[in-house]
Amino acid sequence: MKTKFESYCNKDIAEGCKFCIRGEKLVLFMGGKCSRKCWYCSLSVNRKDTATTYANERPIKTVKDVIEEAHANNAKGAGITGGDPLVYFEKTLCYATALKKEFGEKFHNHIYLPLPLVDEKKLLKLKTCVDEVRFHPTFLAEKNDELKQKEFEKIKMASKIFGVENTGIEVPMIPEKKDELYEFIKNLDGIIGFANLNEFELSETNFKRITEEYALNEDTYTVRDSITVGRQLVRKAINDKLKINVHLCTAKTKDCYQYINRLLMHDILPYGNRTDEGTVVYFAVEYNKPETQIETIKKYTKNFYDDTERKRFLIEMDDVEKLYDKTDLKIARIEEHPTWGNERLEYSLIGE
Ligand code: SF4
């Protein structure tokens with residue numbers, strides 16, 4: 001069945017996904033180093049193999065940075081990802097614990113884990129600060145029956161530690177892998193709570209092979225048939241009355257719900273105007289002679305904000321016309337992202 005947010009499921013979706021779709025999850029990227037080298041990896045060139053940690057778009061060095069970004073994002077949980085977070089095990093524990101300490105036990109942490117570095121000792125430690133685990137088994141990237149069985153056993157062990165409903169797998173929905181994937185999911189029925197299938201997408205690092213071997217949809221970045229095949233698996237799960245929640249998450253779900261809702265949750269500066277896409281429009285008088293400019297603005301309105309970091313005065317939309325007509329201030333209309341770095345999308349001067 002189709003959900004309200006352009007994805008498909010047989011019954012329900014994982015708890016962590018509910019937070020994500022509402023835009024309530026901080027995306028905590030521990031670093032790009034990984035215990036695996038999947039040919040289809042979707043990391044960008046900038047993120048792959050980097051040792052930099054990011055909380056959403058913000059590069060971070062300390063616990064304080066993570067907490068600040070989580071506050072700015074009004075996050076109610078975090079999705080901890082990489083690379084392989086276990087390559088950065090101590091730092092992962094430290095940040096996940098700090099978030100729980102700052103925001104309380106209800107702050108929902110979920111983690112994405114390739115399986116090579118997973119062992120019982122690490123899982124028991126993670127259990128102290130992580131609510132939900134999502135494994136990415138190797139068999140989609142590499143045929144090795146012995147390894148597949150070993151990883152299956154590790155997932156079973158994790159389920160005993162985290163509980164059935166808090167343990168799942170998350171994989172790209174690669175069309176030709178559908179039978180093998182369904183078999184794997186079926187064997188895990190009753191052992192884990194969910195299987196997330198992500199619509200298969202093009203990225204900078206898998207570009208060559210995907211464009212050579214797969215047809216793309218009109219949007220030019222999603223693989224044709226990935227949704228069709230994913231829906232077939234959801235349907236099979238319904239017909240076979242599987243207990244496990246099978247959820248097909250589409251690129252639209254990620255772009256139009258998860259991402260936009262996360263932007264909408266993010267703090268903005270005073271006198272900003274949010275758009276439906278999650279961006280923000282400001283009307284700004286950029287510093288030229290700030291002491292004189294501020295005196296001019298004050299003659300006509302009390303409603304402005306001195307954005308010293310970006311060297312500009314932000315003014316209320318209702319005052320733009322008055323200031324434009326009665327002063328010689330240059331007023332810019334700036335559309336930008338509310339997140340770290342405030343990436344600028346549009347800039348124009350009023351009246352020009
Ligand atoms: S496990 Fe994930 S992050 Fe690591 S190489 Fe594979 S797809 Fe990339």
# chains A, B, ... in the order shown; residues from 1 in each chain; ligands from 1
>>> residues_around(residues="Glu153 (chain A)", least_positions_apart="4", cutoff="12 Å", atoms="only C-alpha atoms", output="list in words")
Leu115, Val118, Asp119, Glu120, Pro137, Glu146, Leu147, Lys148, Gln149, Met157, Ala158, Ser159, Lys160, Asn187, Leu188, Ile191 and Ile192 of chain A
>>> residues_near_ligand(ligand="ligand 1", cutoff="6 Å", atoms="only C-alpha atoms and all ligand atoms", output="PyMOL selection string")
chain A and resi 34+36-38+41+82-84+114
>>> atom_distance(atom1="CA of Tyr300 (chain A)", atom2="CA of Tyr287 (chain A)")
17.7 Å
>>> closest_residue(among="A:Gly23, A:Gly104, A:Gly77, A:Gly351", to="Leu264 (chain A)", atoms="only C-alpha atoms")
A:Gly23
>>> residues_around(residues="region 163-172 of chain A", least_positions_apart="4", cutoff="6 Å", atoms="only C-alpha atoms", output="list in words")
Glu132, Val133, Arg134, Phe135, His136, Ser159, Ile191, Ile192, Gly193, Phe194, Ala195, Asn196, Leu197, Asn198 and Phe200 of chain A
>>> atom_distance(atom1="CA of Asn303 (chain A)", atom2="CA of Val285 (chain A)")
13.0 Å
>>> atom_distance(atom1="CA of Glu57 (chain A)", atom2="CA of Ala141 (chain A)")
28.3 Å
>>> closest_atom_pairs(of="region 38-93 of chain A", to="region 319-342 of chain A", cutoff="12 Å", atoms="only C-alpha atoms", output="CSV")
residue,atom,partner,partner_atom,distance
A:Tyr54,CA,A:Trp340,CA,10.4
A:Ala55,CA,A:Trp340,CA,9.4
A:Asn56,CA,A:Thr339,CA,8.0
A:Glu57,CA,A:Trp340,CA,5.8
A:Arg58,CA,A:Trp340,CA,5.4
A:Pro59,CA,A:Trp340,CA,8.8
A:Ile60,CA,A:Trp340,CA,10.9
A:Asp65,CA,A:Trp340,CA,11.4
A:Glu68,CA,A:Trp340,CA,11.0
A:Glu69,CA,A:Trp340,CA,8.4
A:Ala70,CA,A:Thr339,CA,11.2
A:His71,CA,A:Thr339,CA,11.9
A:Ala72,CA,A:Thr339,CA,8.4
A:Asn73,CA,A:Thr339,CA,8.1
A:Asn74,CA,A:Thr339,CA,11.8
>>> select_by_dssp(residues="region 18-248 of chain A", states="strand (DSSP E or B)", output="ChimeraX atom specification")
/A:25-29,53-55,58-60,77-81,108-114,132-136,167-173,189,192,194-199,201,216,222-223,245-248
>>> residues_around(residues="region 231-242 of chain A", least_positions_apart="3", cutoff="12 Å", atoms="only C-alpha atoms", output="ChimeraX atom specification")
/A:1-2,6-12,173-175,177-199,225-228,245-250
>>> residues_around(residues="Gly31 (chain A)", least_positions_apart="5", cutoff="9 Å", atoms="only C-alpha atoms", output="list in words")
Arg47, Lys48, Asp49, Thr50, Ala51, Thr52, Thr53, Tyr54, Thr81, Gly82, Gly83, Asp84, Pro85, Val87 and Tyr88 of chain A
>>> closest_residue(among="A:Leu314, A:Ala96, A:Lys101, A:Thr279", to="Gln293 (chain A)", atoms="only C-alpha atoms")
A:Leu314
>>> select_by_dssp(residues="region 148-238 of chain A", states="helix (DSSP H, G or I)", output="PyMOL selection string")
chain A and resi 148-162+164-166+175-187+207-213+226-238
>>> residues_around(residues="Arg312 (chain A)", least_positions_apart="4", cutoff="8 Å", atoms="only C-alpha atoms", output="ChimeraX atom specification")
/A:284-287,306-308
>>> closest_residue(among="A:Leu126, A:Leu269, A:Ile13, A:Leu93", to="Glu316 (chain A)", atoms="only C-alpha atoms")
A:Leu269
>>> closest_residue(among="A:Val27, A:Ile161, A:Val66, A:Leu86", to="Asn109 (chain A)", atoms="only C-alpha atoms")
A:Val27
>>> closest_atom_pairs(of="region 171-289 of chain A", to="region 42-45 of chain A", cutoff="7 Å", atoms="only C-alpha atoms", output="Markdown table")
| residue | atom | partner | partner_atom | distance |
| --- | --- | --- | --- | --- |
| A:Ser203 | CA | A:Ser42 | CA | 5.2 |
| A:Glu204 | CA | A:Ser44 | CA | 5.5 |
| A:Thr205 | CA | A:Ser44 | CA | 6.2 |
| A:Asn206 | CA | A:Ser42 | CA | 6.7 |
>>> write_last_selection(atoms="all heavy atoms", output="PDB file, in the first residue's frame")
ATOM      1  N   SER A 203      24.699   8.134  -8.043  1.00  0.00           N
ATOM      2  CA  SER A 203      25.472   9.093  -7.244  1.00  0.00           C
ATOM      3  C   SER A 203      26.767   9.382  -7.987  1.00  0.00           C
ATOM      4  O   SER A 203      27.085   8.711  -8.976  1.00  0.00           O
ATOM      5  CB  SER A 203      25.795   8.518  -5.864  1.00  0.00           C
ATOM      6  OG  SER A 203      26.823   7.552  -5.979  1.00  0.00           O
ATOM      7  N   GLU A 204      27.517  10.341  -7.471  1.00  0.00           N
ATOM      8  CA  GLU A 204      28.790  10.680  -8.143  1.00  0.00           C
ATOM      9  C   GLU A 204      29.701   9.467  -8.230  1.00  0.00           C
ATOM     10  O   GLU A 204      30.401   9.275  -9.206  1.00  0.00           O
ATOM     11  CB  GLU A 204      29.526  11.736  -7.300  1.00  0.00           C
ATOM     12  CG  GLU A 204      29.019  13.135  -7.455  1.00  0.00           C
ATOM     13  CD  GLU A 204      29.756  14.040  -6.474  1.00  0.00           C
ATOM     14  OE1 GLU A 204      29.756  13.760  -5.266  1.00  0.00           O
ATOM     15  OE2 GLU A 204      30.338  15.010  -6.941  1.00  0.00           O
ATOM     16  N   THR A 205      29.689   8.638  -7.161  1.00  0.00           N
ATOM     17  CA  THR A 205      30.676   7.559  -7.100  1.00  0.00           C
ATOM     18  C   THR A 205      30.215   6.256  -7.773  1.00  0.00           C
ATOM     19  O   THR A 205      31.028   5.379  -8.003  1.00  0.00           O
ATOM     20  CB  THR A 205      31.069   7.284  -5.631  1.00  0.00           C
ATOM     21  OG1 THR A 205      29.881   7.191  -4.859  1.00  0.00           O
ATOM     22  CG2 THR A 205      31.951   8.391  -5.080  1.00  0.00           C
ATOM     23  N   ASN A 206      28.912   6.120  -8.069  1.00  0.00           N
ATOM     24  CA  ASN A 206      28.496   4.899  -8.785  1.00  0.00           C
ATOM     25  C   ASN A 206      28.071   5.214 -10.222  1.00  0.00           C
ATOM     26  O   ASN A 206      27.555   4.355 -10.935  1.00  0.00           O
ATOM     27  CB  ASN A 206      27.383   4.166  -8.019  1.00  0.00           C
ATOM     28  CG  ASN A 206      26.081   4.966  -7.937  1.00  0.00           C
ATOM     29  OD1 ASN A 206      25.789   5.796  -8.801  1.00  0.00           O
ATOM     30  ND2 ASN A 206      25.293   4.700  -6.913  1.00  0.00           N
TER      31      ASN A 206
END
